[in-house]
>>> print(open('data-v1.pdb').read())   # PDB, C-alpha atoms
ATOM      1  CA  VAL A   1       6.231  37.645  16.362  1.00  0.00           C
ATOM      2  CA  LYS A   2       3.208  39.516  17.548  1.00  0.00           C
ATOM      3  CA  THR A   3       1.164  41.867  15.415  1.00  0.00           C
ATOM      4  CA  GLY A   4       1.897  45.081  17.323  1.00  0.00           C
ATOM      5  CA  TRP A   5       5.247  45.981  15.739  1.00  0.00           C
ATOM      6  CA  PHE A   6       3.908  45.276  12.244  1.00  0.00           C
ATOM      7  CA  ALA A   7       0.816  47.387  12.771  1.00  0.00           C
ATOM      8  CA  GLU A   8       2.984  50.208  14.102  1.00  0.00           C
ATOM      9  CA  ARG A   9       5.237  49.972  11.033  1.00  0.00           C
ATOM     10  CA  LEU A  10       2.132  50.338   8.846  1.00  0.00           C
ATOM     11  CA  GLY A  11       0.916  53.304  10.882  1.00  0.00           C
ATOM     12  CA  LEU A  12      -2.005  51.340  12.348  1.00  0.00           C
ATOM     13  CA  PRO A  13      -3.064  50.947  15.998  1.00  0.00           C
ATOM     14  CA  ALA A  14      -1.134  48.130  17.704  1.00  0.00           C
ATOM     15  CA  GLY A  15      -4.394  46.575  18.864  1.00  0.00           C
ATOM     16  CA  ASP A  16      -4.346  43.585  21.181  1.00  0.00           C
ATOM     17  CA  GLU A  17      -0.794  42.402  20.369  1.00  0.00           C
ATOM     18  CA  SER A  18      -2.081  39.056  19.090  1.00  0.00           C
ATOM     19  CA  TRP A  19       0.221  36.433  17.571  1.00  0.00           C
ATOM     20  CA  PHE A  20       0.698  36.059  13.829  1.00  0.00           C
ATOM     21  CA  VAL A  21       1.107  32.270  14.120  1.00  0.00           C
ATOM     22  CA  GLY A  22      -2.204  30.849  15.199  1.00  0.00           C
ATOM     23  CA  GLY A  23      -4.015  34.144  14.705  1.00  0.00           C
ATOM     24  CA  VAL A  24      -3.462  34.959  11.032  1.00  0.00           C
ATOM     25  CA  GLU A  25      -4.105  32.580   8.138  1.00  0.00           C
ATOM     26  CA  PRO A  26      -0.871  32.280   6.134  1.00  0.00           C
ATOM     27  CA  ARG A  27      -0.767  32.451   2.349  1.00  0.00           C
ATOM     28  CA  TYR A  28       1.918  31.039   0.109  1.00  0.00           C
ATOM     29  CA  ASP A  29       0.853  32.563  -3.207  1.00  0.00           C
ATOM     30  CA  ALA A  30       4.377  33.511  -4.219  1.00  0.00           C
ATOM     31  CA  VAL A  31       5.847  32.615  -7.604  1.00  0.00           C
ATOM     32  CA  MET A  32       9.300  31.066  -7.964  1.00  0.00           C
ATOM     33  CA  PHE A  33      11.570  33.528  -9.763  1.00  0.00           C
ATOM     34  CA  ASP A  34      13.082  31.082 -12.270  1.00  0.00           C
ATOM     35  CA  ALA A  35      13.908  27.428 -12.852  1.00  0.00           C
ATOM     36  CA  GLU A  36      17.119  27.698 -10.836  1.00  0.00           C
ATOM     37  CA  SER A  37      15.128  28.910  -7.839  1.00  0.00           C
ATOM     38  CA  ARG A  38      13.015  25.767  -7.934  1.00  0.00           C
ATOM     39  CA  GLU A  39      16.090  23.569  -8.329  1.00  0.00           C
ATOM     40  CA  PHE A  40      17.515  25.157  -5.174  1.00  0.00           C
ATOM     41  CA  ARG A  41      14.380  24.001  -3.329  1.00  0.00           C
ATOM     42  CA  PRO A  42      14.204  26.688  -0.608  1.00  0.00           C
ATOM     43  CA  PHE A  43      12.576  25.742   2.672  1.00  0.00           C
ATOM     44  CA  LEU A  44       9.118  26.698   3.770  1.00  0.00           C
ATOM     45  CA  THR A  45       9.202  27.235   7.531  1.00  0.00           C
ATOM     46  CA  VAL A  46       6.486  25.771   9.749  1.00  0.00           C
ATOM     47  CA  LEU A  47       6.319  27.994  12.821  1.00  0.00           C
ATOM     48  CA  GLY A  48       5.043  27.583  16.350  1.00  0.00           C
ATOM     49  CA  GLY A  49       6.293  27.456  19.909  1.00  0.00           C
ATOM     50  CA  VAL A  50      10.091  27.520  20.209  1.00  0.00           C
ATOM     51  CA  SER A  51      12.823  25.775  18.252  1.00  0.00           C
ATOM     52  CA  CYS A  52      14.511  24.715  21.509  1.00  0.00           C
ATOM     53  CA  ASP A  53      13.126  24.717  25.044  1.00  0.00           C
ATOM     54  CA  TYR A  54      16.262  23.707  26.949  1.00  0.00           C
ATOM     55  CA  ARG A  55      16.372  26.073  29.930  1.00  0.00           C
ATOM     56  CA  ALA A  56      18.918  24.763  32.453  1.00  0.00           C
ATOM     57  CA  ASP A  57      19.651  27.483  35.035  1.00  0.00           C
ATOM     58  CA  LEU A  58      23.134  28.953  34.507  1.00  0.00           C
ATOM     59  CA  ARG A  59      23.235  30.012  38.146  1.00  0.00           C
ATOM     60  CA  ARG A  60      23.301  26.335  39.160  1.00  0.00           C
ATOM     61  CA  ASN A  61      26.270  25.618  36.898  1.00  0.00           C
ATOM     62  CA  PRO A  62      29.553  25.410  38.881  1.00  0.00           C
ATOM     63  CA  TYR A  63      31.444  26.949  35.950  1.00  0.00           C
ATOM     64  CA  PHE A  64      29.426  30.143  36.454  1.00  0.00           C
ATOM     65  CA  ARG A  65      29.850  30.331  40.219  1.00  0.00           C
ATOM     66  CA  GLY A  66      30.646  33.925  41.159  1.00  0.00           C
ATOM     67  CA  VAL A  67      29.699  35.325  37.731  1.00  0.00           C
ATOM     68  CA  ASP A  68      27.271  38.231  37.928  1.00  0.00           C
ATOM     69  CA  LEU A  69      24.476  37.505  35.437  1.00  0.00           C
ATOM     70  CA  THR A  70      22.204  40.316  36.608  1.00  0.00           C
ATOM     71  CA  ASP A  71      22.345  42.316  33.377  1.00  0.00           C
ATOM     72  CA  CYS A  72      22.233  39.316  31.042  1.00  0.00           C
ATOM     73  CA  LEU A  73      19.261  39.035  28.691  1.00  0.00           C
ATOM     74  CA  ARG A  74      18.735  35.457  29.867  1.00  0.00           C
ATOM     75  CA  GLN A  75      20.112  33.330  32.654  1.00  0.00           C
ATOM     76  CA  ALA A  76      19.086  29.880  31.466  1.00  0.00           C
ATOM     77  CA  GLY A  77      19.766  27.559  28.553  1.00  0.00           C
ATOM     78  CA  CYS A  78      22.969  27.142  26.588  1.00  0.00           C
ATOM     79  CA  SER A  79      25.633  29.762  27.268  1.00  0.00           C
ATOM     80  CA  PHE A  80      26.976  29.531  23.714  1.00  0.00           C
ATOM     81  CA  CYS A  81      23.907  29.606  21.499  1.00  0.00           C
ATOM     82  CA  SER A  82      22.384  32.080  19.066  1.00  0.00           C
ATOM     83  CA  SER A  83      19.049  30.253  18.824  1.00  0.00           C
ATOM     84  CA  ASP A  84      16.021  32.465  19.351  1.00  0.00           C
ATOM     85  CA  MET A  85      14.491  31.484  22.691  1.00  0.00           C
ATOM     86  CA  PHE A  86      11.342  33.559  22.299  1.00  0.00           C
ATOM     87  CA  PRO A  87       8.118  31.837  21.166  1.00  0.00           C
ATOM     88  CA  THR A  88       6.564  32.393  17.761  1.00  0.00           C
ATOM     89  CA  SER A  89       3.040  31.563  18.954  1.00  0.00           C
ATOM     90  CA  ALA A  90       1.014  31.359  22.129  1.00  0.00           C
ATOM     91  CA  MET A  91       2.460  28.384  24.008  1.00  0.00           C
ATOM     92  CA  ASN A  92      -0.957  27.079  25.060  1.00  0.00           C
ATOM     93  CA  LEU A  93      -1.928  26.292  21.446  1.00  0.00           C
ATOM     94  CA  ASP A  94      -1.657  22.720  20.189  1.00  0.00           C
ATOM     95  CA  PRO A  95       1.564  22.454  18.124  1.00  0.00           C
ATOM     96  CA  VAL A  96       0.153  19.752  15.836  1.00  0.00           C
ATOM     97  CA  GLY A  97      -2.913  21.906  15.190  1.00  0.00           C
ATOM     98  CA  LEU A  98      -0.727  24.914  14.385  1.00  0.00           C
ATOM     99  CA  ALA A  99       1.289  22.868  11.891  1.00  0.00           C
ATOM    100  CA  ARG A 100      -1.864  21.379  10.353  1.00  0.00           C
ATOM    101  CA  ASN A 101      -3.315  24.847   9.761  1.00  0.00           C
ATOM    102  CA  GLN A 102      -0.144  25.940   7.955  1.00  0.00           C
ATOM    103  CA  PHE A 103      -0.005  22.830   5.756  1.00  0.00           C
ATOM    104  CA  ALA A 104      -3.725  23.149   4.978  1.00  0.00           C
ATOM    105  CA  ALA A 105      -3.212  26.805   3.988  1.00  0.00           C
ATOM    106  CA  LEU A 106      -0.356  25.732   1.750  1.00  0.00           C
ATOM    107  CA  ALA A 107      -2.632  23.252  -0.004  1.00  0.00           C
ATOM    108  CA  ARG A 108      -5.116  26.065  -0.673  1.00  0.00           C
ATOM    109  CA  SER A 109      -2.463  28.404  -2.035  1.00  0.00           C
ATOM    110  CA  SER A 110      -1.313  28.692  -5.608  1.00  0.00           C
ATOM    111  CA  GLY A 111       1.813  29.952  -7.311  1.00  0.00           C
ATOM    112  CA  GLY A 112       4.223  27.075  -6.910  1.00  0.00           C
ATOM    113  CA  ARG A 113       6.052  28.208  -3.754  1.00  0.00           C
ATOM    114  CA  ASN A 114       6.033  24.670  -2.319  1.00  0.00           C
ATOM    115  CA  CYS A 115       9.217  22.805  -3.250  1.00  0.00           C
ATOM    116  CA  GLY A 116       8.577  19.952  -0.835  1.00  0.00           C
ATOM    117  CA  ARG A 117      11.092  20.958   1.878  1.00  0.00           C
ATOM    118  CA  PHE A 118       9.864  22.078   5.277  1.00  0.00           C
ATOM    119  CA  GLU A 119      11.841  23.402   8.228  1.00  0.00           C
ATOM    120  CA  MET A 120       9.958  22.411  11.375  1.00  0.00           C
ATOM    121  CA  ARG A 121      10.735  25.099  13.964  1.00  0.00           C
ATOM    122  CA  ASP A 122       8.670  23.806  16.915  1.00  0.00           C
ATOM    123  CA  ILE A 123      10.550  21.258  19.043  1.00  0.00           C
ATOM    124  CA  ARG A 124       7.230  20.127  20.498  1.00  0.00           C
ATOM    125  CA  LEU A 125       6.366  18.567  17.129  1.00  0.00           C
ATOM    126  CA  PHE A 126       9.420  16.321  17.344  1.00  0.00           C
ATOM    127  CA  ARG A 127       8.224  15.131  20.740  1.00  0.00           C
ATOM    128  CA  ARG A 128       4.836  14.302  19.227  1.00  0.00           C
ATOM    129  CA  LEU A 129       6.012  12.583  16.075  1.00  0.00           C
ATOM    130  CA  ALA A 130       3.229   9.994  16.114  1.00  0.00           C
ATOM    131  CA  ASP A 131       0.571  12.725  16.122  1.00  0.00           C
ATOM    132  CA  PHE A 132       2.504  14.700  13.513  1.00  0.00           C
ATOM    133  CA  VAL A 133       2.810  11.733  11.132  1.00  0.00           C
ATOM    134  CA  ALA A 134      -0.884  10.909  11.582  1.00  0.00           C
ATOM    135  CA  MET A 135      -1.792  14.511  10.734  1.00  0.00           C
ATOM    136  CA  ILE A 136       0.406  14.485   7.628  1.00  0.00           C
ATOM    137  CA  GLY A 137      -1.235  11.252   6.524  1.00  0.00           C
ATOM    138  CA  VAL A 138      -4.726  12.737   6.843  1.00  0.00           C
ATOM    139  CA  LEU A 139      -3.768  15.798   4.776  1.00  0.00           C
ATOM    140  CA  LYS A 140      -2.411  13.589   1.978  1.00  0.00           C
ATOM    141  CA  LEU A 141       0.461  15.939   1.210  1.00  0.00           C
ATOM    142  CA  PRO A 142       2.624  15.277  -1.849  1.00  0.00           C
ATOM    143  CA  PRO A 143       5.987  13.626  -1.025  1.00  0.00           C
ATOM    144  CA  ALA A 144       8.010  16.019   1.102  1.00  0.00           C
ATOM    145  CA  GLU A 145      11.034  16.352   3.374  1.00  0.00           C
ATOM    146  CA  PHE A 146      10.494  17.386   6.994  1.00  0.00           C
ATOM    147  CA  HIS A 147      13.625  18.856   8.601  1.00  0.00           C
ATOM    148  CA  PHE A 148      13.814  18.834  12.395  1.00  0.00           C
ATOM    149  CA  ALA A 149      16.569  20.167  14.657  1.00  0.00           C
ATOM    150  CA  PRO A 150      16.448  18.214  17.938  1.00  0.00           C
ATOM    151  CA  ARG A 151      19.113  17.977  20.593  1.00  0.00           C
ATOM    152  CA  VAL A 152      20.838  14.608  20.921  1.00  0.00           C
ATOM    153  CA  ASP A 153      18.860  13.834  24.082  1.00  0.00           C
ATOM    154  CA  ASP A 154      15.611  14.600  22.220  1.00  0.00           C
ATOM    155  CA  LEU A 155      16.668  12.122  19.534  1.00  0.00           C
ATOM    156  CA  LEU A 156      17.346   9.447  22.142  1.00  0.00           C
ATOM    157  CA  ASP A 157      13.912   9.986  23.691  1.00  0.00           C
ATOM    158  CA  ALA A 158      12.265   9.702  20.258  1.00  0.00           C
ATOM    159  CA  GLY A 159      14.253   6.619  19.225  1.00  0.00           C
ATOM    160  CA  PRO A 160      11.580   3.966  19.877  1.00  0.00           C
ATOM    161  CA  ASP A 161       8.910   6.022  18.097  1.00  0.00           C
ATOM    162  CA  LEU A 162      11.173   6.774  15.133  1.00  0.00           C
ATOM    163  CA  GLY A 163      11.763   3.091  14.453  1.00  0.00           C
ATOM    164  CA  LYS A 164       8.003   2.554  14.204  1.00  0.00           C
ATOM    165  CA  LEU A 165       7.085   5.751  12.377  1.00  0.00           C
ATOM    166  CA  LEU A 166       9.683   5.796   9.602  1.00  0.00           C
ATOM    167  CA  PRO A 167       7.969   2.918   7.722  1.00  0.00           C
ATOM    168  CA  VAL A 168       4.706   4.887   7.960  1.00  0.00           C
ATOM    169  CA  LEU A 169       6.398   7.991   6.540  1.00  0.00           C
ATOM    170  CA  ALA A 170       7.967   5.845   3.831  1.00  0.00           C
ATOM    171  CA  ALA A 171       4.547   4.509   2.838  1.00  0.00           C
ATOM    172  CA  LEU A 172       3.370   8.117   2.494  1.00  0.00           C
ATOM    173  CA  GLY A 173       6.399   8.973   0.346  1.00  0.00           C
ATOM    174  CA  HIS A 174       7.980  11.392   2.849  1.00  0.00           C
ATOM    175  CA  ARG A 175      11.464  11.829   4.355  1.00  0.00           C
ATOM    176  CA  LEU A 176      12.514  12.905   7.853  1.00  0.00           C
ATOM    177  CA  ILE A 177      15.850  14.692   8.147  1.00  0.00           C
ATOM    178  CA  LEU A 178      17.716  15.929  11.212  1.00  0.00           C
ATOM    179  CA  PHE A 179      19.813  19.061  10.856  1.00  0.00           C
ATOM    180  CA  ARG A 180      21.671  21.437  13.181  1.00  0.00           C
ATOM    181  CA  MET A 181      21.920  18.636  15.750  1.00  0.00           C
ATOM    182  CA  GLY A 182      24.808  19.747  17.910  1.00  0.00           C
ATOM    183  CA  ILE A 183      27.271  17.503  19.677  1.00  0.00           C
ATOM    184  CA  GLU A 184      28.919  20.799  20.746  1.00  0.00           C
ATOM    185  CA  HIS A 185      32.189  19.350  22.074  1.00  0.00           C
ATOM    186  CA  PHE A 186      33.796  16.069  23.100  1.00  0.00           C
ATOM    187  CA  SER A 187      35.247  17.663  26.227  1.00  0.00           C
ATOM    188  CA  PRO A 188      32.946  17.347  29.257  1.00  0.00           C
ATOM    189  CA  SER A 189      34.511  20.536  30.647  1.00  0.00           C
ATOM    190  CA  GLU A 190      33.700  22.496  27.503  1.00  0.00           C
ATOM    191  CA  ASN A 191      30.128  21.198  27.441  1.00  0.00           C
ATOM    192  CA  GLY A 192      29.907  22.233  31.085  1.00  0.00           C
ATOM    193  CA  ARG A 193      30.937  25.777  30.178  1.00  0.00           C
ATOM    194  CA  PHE A 194      28.379  25.716  27.382  1.00  0.00           C
ATOM    195  CA  ASN A 195      25.735  24.614  29.950  1.00  0.00           C
ATOM    196  CA  LYS A 196      24.653  21.934  27.473  1.00  0.00           C
ATOM    197  CA  GLY A 197      23.714  19.232  29.947  1.00  0.00           C
ATOM    198  CA  LEU A 198      24.943  16.560  27.504  1.00  0.00           C
ATOM    199  CA  THR A 199      27.274  13.673  28.308  1.00  0.00           C
ATOM    200  CA  LEU A 200      29.705  11.861  26.020  1.00  0.00           C
ATOM    201  CA  GLU A 201      27.646   8.713  26.553  1.00  0.00           C
ATOM    202  CA  GLN A 202      24.537  10.482  25.218  1.00  0.00           C
ATOM    203  CA  ILE A 203      26.461  11.812  22.234  1.00  0.00           C
ATOM    204  CA  ASP A 204      27.784   8.339  21.407  1.00  0.00           C
ATOM    205  CA  ARG A 205      24.359   6.706  21.733  1.00  0.00           C
ATOM    206  CA  GLY A 206      22.648   9.483  19.776  1.00  0.00           C
ATOM    207  CA  THR A 207      25.033   9.407  16.826  1.00  0.00           C
ATOM    208  CA  ALA A 208      24.916   5.588  16.770  1.00  0.00           C
ATOM    209  CA  LEU A 209      21.100   5.703  16.750  1.00  0.00           C
ATOM    210  CA  ALA A 210      21.055   8.208  13.884  1.00  0.00           C
ATOM    211  CA  GLU A 211      23.412   5.997  11.882  1.00  0.00           C
ATOM    212  CA  ARG A 212      21.310   2.869  12.524  1.00  0.00           C
ATOM    213  CA  LEU A 213      18.144   4.638  11.423  1.00  0.00           C
ATOM    214  CA  ARG A 214      19.849   5.924   8.295  1.00  0.00           C
ATOM    215  CA  ALA A 215      21.127   2.447   7.437  1.00  0.00           C
ATOM    216  CA  ALA A 216      17.699   0.890   7.983  1.00  0.00           C
ATOM    217  CA  HIS A 217      15.760   3.617   6.101  1.00  0.00           C
ATOM    218  CA  PRO A 218      18.229   5.186   3.625  1.00  0.00           C
ATOM    219  CA  GLU A 219      15.523   6.634   1.376  1.00  0.00           C
ATOM    220  CA  HIS A 220      13.401   8.110   4.153  1.00  0.00           C
ATOM    221  CA  PHE A 221      15.736   9.165   6.978  1.00  0.00           C
ATOM    222  CA  ASP A 222      18.940  11.167   7.049  1.00  0.00           C
ATOM    223  CA  TYR A 223      20.889  13.438   9.348  1.00  0.00           C
ATOM    224  CA  ALA A 224      23.257  16.289   8.596  1.00  0.00           C
ATOM    225  CA  ARG A 225      26.951  15.547   8.756  1.00  0.00           C
ATOM    226  CA  PRO A 226      29.109  17.041  10.100  1.00  0.00           C
ATOM    227  CA  MET A 227      27.090  17.893  13.187  1.00  0.00           C
ATOM    228  CA  GLY A 228      27.320  21.173  15.033  1.00  0.00           C
ATOM    229  CA  TYR A 229      30.651  21.483  16.826  1.00  0.00           C
ATOM    230  CA  ILE A 230      32.127  24.450  18.712  1.00  0.00           C
ATOM    231  CA  GLY A 231      35.867  24.368  18.112  1.00  0.00           C
ATOM    232  CA  PHE A 232      37.147  26.519  20.966  1.00  0.00           C
ATOM    233  CA  THR A 233      36.476  29.484  23.214  1.00  0.00           C
ATOM    234  CA  PRO A 234      38.815  31.809  25.153  1.00  0.00           C
ATOM    235  CA  TRP A 235      38.614  29.295  28.024  1.00  0.00           C
ATOM    236  CA  THR A 236      39.509  26.142  26.055  1.00  0.00           C
ATOM    237  CA  THR A 237      42.527  24.319  27.433  1.00  0.00           C
ATOM    238  CA  LEU A 238      45.001  22.074  25.616  1.00  0.00           C
ATOM    239  CA  GLU A 239      43.432  19.104  27.420  1.00  0.00           C
ATOM    240  CA  ASP A 240      40.020  20.088  26.022  1.00  0.00           C
TER
END
>>> encode(input="data-v1.pdb", output="structure tokens")
Amino acid sequence: VKTGWFAERLGLPAGDESWFVGGVEPRYDAVMFDAESREFRPFLTVLGGVSCDYRADLRRNPYFRGVDLTDCLRQAGCSFCSSDMFPTSAMNLDPVGLARNQFAALARSSGGRNCGRFEMRDIRLFRRLADFVAMIGVLKLPPAEFHFAPRVDDLLDAGPDLGKLLPVLAALGHRLILFRMGIEHFSPSENGRFNKGLTLEQIDRGTALAERLRAAHPEHFDYARPMGYIGFTPWTTLED
């Protein structure tokens, strides 16, 4: 999401190909179409970085030994994933600062576009939850839901912080929700073909952690169920 293609579409010089996110101040001065639109509570998307930065090299995966990947668009990450791997901002910019600028612009906007549901598209924010929660507290946002989409291993890494930060979010009136968190498959062979780098032990611990957090903070933490699961591929066996 750089400015060049948009300028070209408008018949303007492409310029320096700068980024929209981090380079252009967003505005949210849209008006909800009707009462049903507001009841639906559409997301506002907070952009920056990448939604997933898992980049395991497919060429090191034994399931891909002998497969010619020369003409593939990418040769790293999950082999069965439609997630956009390209950044939406310059990667050297502070992700918390990028998010703060978007929330601050929202507070300055009018028109009622904010329905209190935010899709957080930068995985780096989930890894810096303490800084993110502190920033949200300073901005004094109205009660809102923040939807993150981490991998199970990201959730496990964040576990200790989540236990401490959820009471802080609760005091601010906010909710944290996990969505699109994939367990992918319960077959280690299938997850190997998917190049996921996840083990059954991680999946078990991650789902148990999510359930404990939900039980301890039912009003301020939730996770989407069912989780993402890939049923089969042309290579799935009966054992899988």
>>> closest_residue(input="data-v1.pdb", among="A:Arg60, A:Arg180, A:Arg175, A:Arg27", to="Phe103 of chain A", atoms="all atoms listed in the file")
A:Arg27
>>> residues_around(input="data-v1.pdb", residues="Ala144 of chain A", least_positions_apart="2", cutoff="9 Å", atoms="only C-alpha atoms", output="VMD selection string")
chain A and resid 115 to 118 141 to 142 146 173 to 176
>>> atom_distance(input="data-v1.pdb", atom1="atom CA of Met227 of chain A", atom2="atom CA of Ile183 of chain A")
6.5 Å
>>> closest_residue(input="data-v1.pdb", among="A:Asn92, A:Asp29, A:Leu155, A:Ala149", to="Arg205 of chain A", atoms="all atoms listed in the file")
A:Leu155
>>> residues_around(input="data-v1.pdb", residues="Gln102 of chain A", least_positions_apart="3", cutoff="7 Å", atoms="only C-alpha atoms", output="list in words")
Pro26, Val46, Leu98, Ala99, Ala105 and Leu106 of chain A
>>> residues_around(input="data-v1.pdb", residues="Pro87 of chain A", least_positions_apart="3", cutoff="8 Å", atoms="only C-alpha atoms", output="ChimeraX atom specification")
/A:1,48-50,90-91
>>> residues_around(input="data-v1.pdb", residues="Tyr229 of chain A", least_positions_apart="6", cutoff="10 Å", atoms="all atoms listed in the file", output="list in words")
Arg180, Met181, Gly182, Ile183, Glu184, His185 and Phe186 of chain A
>>> write_last_selection(input="data-v1.pdb", atoms="C-alpha atoms", output="compact mmCIF listing (two decimals), keeping the file's coordinate frame")
# COMPACT_ATOMS: atom_id res chain seq x y z
CA ARG A 180 21.67 21.44 13.18
CA MET A 181 21.92 18.64 15.75
CA GLY A 182 24.81 19.75 17.91
CA ILE A 183 27.27 17.50 19.68
CA GLU A 184 28.92 20.80 20.75
CA HIS A 185 32.19 19.35 22.07
CA PHE A 186 33.80 16.07 23.10
>>> atom_distance(input="data-v1.pdb", atom1="atom CA of Thr45 of chain A", atom2="atom CA of Met120 of chain A")
6.2 Å
>>> residues_around(input="data-v1.pdb", residues="Ala171 of chain A", least_positions_apart="5", cutoff="12 Å", atoms="only C-alpha atoms", output="VMD selection string")
chain A and resid 133 136 to 137 140 142 to 143 165 to 166 217 219 to 220
>>> write_last_selection(input="data-v1.pdb", atoms="C-alpha atoms", output="PDB file, in the frame of the given file")
ATOM      1  CA  VAL A 133       2.810  11.733  11.132  1.00  0.00           C
ATOM      2  CA  ILE A 136       0.406  14.485   7.628  1.00  0.00           C
ATOM      3  CA  GLY A 137      -1.235  11.252   6.524  1.00  0.00           C
ATOM      4  CA  LYS A 140      -2.411  13.589   1.978  1.00  0.00           C
ATOM      5  CA  PRO A 142       2.624  15.277  -1.849  1.00  0.00           C
ATOM      6  CA  PRO A 143       5.987  13.626  -1.025  1.00  0.00           C
ATOM      7  CA  LEU A 165       7.085   5.751  12.377  1.00  0.00           C
ATOM      8  CA  LEU A 166       9.683   5.796   9.602  1.00  0.00           C
ATOM      9  CA  HIS A 217      15.760   3.617   6.101  1.00  0.00           C
ATOM     10  CA  GLU A 219      15.523   6.634   1.376  1.00  0.00           C
ATOM     11  CA  HIS A 220      13.401   8.110   4.153  1.00  0.00           C
TER      12      HIS A 220
END
>>> closest_residue(input="data-v1.pdb", among="A:Tyr28, A:Tyr54, A:Phe126, A:Phe6", to="Gly197 of chain A", atoms="all atoms listed in the file")
A:Tyr54
>>> build_atoms(input="data-v1.pdb", residues="segment 141-155 of chain A", atoms="N, CA and C atoms", output="CSV table (one decimal), keeping the file's coordinate frame")
chain,number,residue,atom,x,y,z
A,141,LEU,N,-0.5,15.0,1.9
A,141,LEU,CA,0.5,15.9,1.2
A,141,LEU,C,1.3,15.2,0.2
A,142,PRO,N,1.7,15.9,-0.9
A,142,PRO,CA,2.6,15.3,-1.8
A,142,PRO,C,3.9,14.9,-1.1
A,143,PRO,N,4.7,14.0,-1.7
A,143,PRO,CA,6.0,13.6,-1.0
A,143,PRO,C,6.8,14.8,-0.6
A,144,ALA,N,7.3,14.8,0.6
A,144,ALA,CA,8.0,16.0,1.1
A,144,ALA,C,9.1,15.6,2.1
A,145,GLU,N,10.0,16.5,2.4
A,145,GLU,CA,11.0,16.4,3.4
A,145,GLU,C,10.7,17.2,4.6
A,146,PHE,N,10.7,16.6,5.8
A,146,PHE,CA,10.5,17.4,7.0
A,146,PHE,C,11.8,17.4,7.8
A,147,HIS,N,12.3,18.7,8.0
A,147,HIS,CA,13.6,18.9,8.6
A,147,HIS,C,13.4,19.3,10.0
A,148,PHE,N,13.9,18.5,11.0
A,148,PHE,CA,13.8,18.8,12.4
A,148,PHE,C,15.2,19.1,12.9
A,149,ALA,N,15.3,19.9,14.0
A,149,ALA,CA,16.6,20.2,14.7
A,149,ALA,C,16.5,19.8,16.2
A,150,PRO,N,16.5,18.6,16.5
A,150,PRO,CA,16.4,18.2,17.9
A,150,PRO,C,17.8,18.2,18.6
A,151,ARG,N,17.9,18.3,19.9
A,151,ARG,CA,19.1,18.0,20.6
A,151,ARG,C,19.3,16.5,20.6
A,152,VAL,N,20.5,16.0,20.9
A,152,VAL,CA,20.8,14.6,20.9
A,152,VAL,C,20.0,13.9,21.9
A,153,ASP,N,19.7,14.5,23.1
A,153,ASP,CA,18.9,13.8,24.1
A,153,ASP,C,17.4,13.7,23.6
A,154,ASP,N,16.9,14.7,22.8
A,154,ASP,CA,15.6,14.6,22.2
A,154,ASP,C,15.6,13.4,21.2
A,155,LEU,N,16.6,13.2,20.5
A,155,LEU,CA,16.7,12.1,19.5
A,155,LEU,C,16.6,10.8,20.3
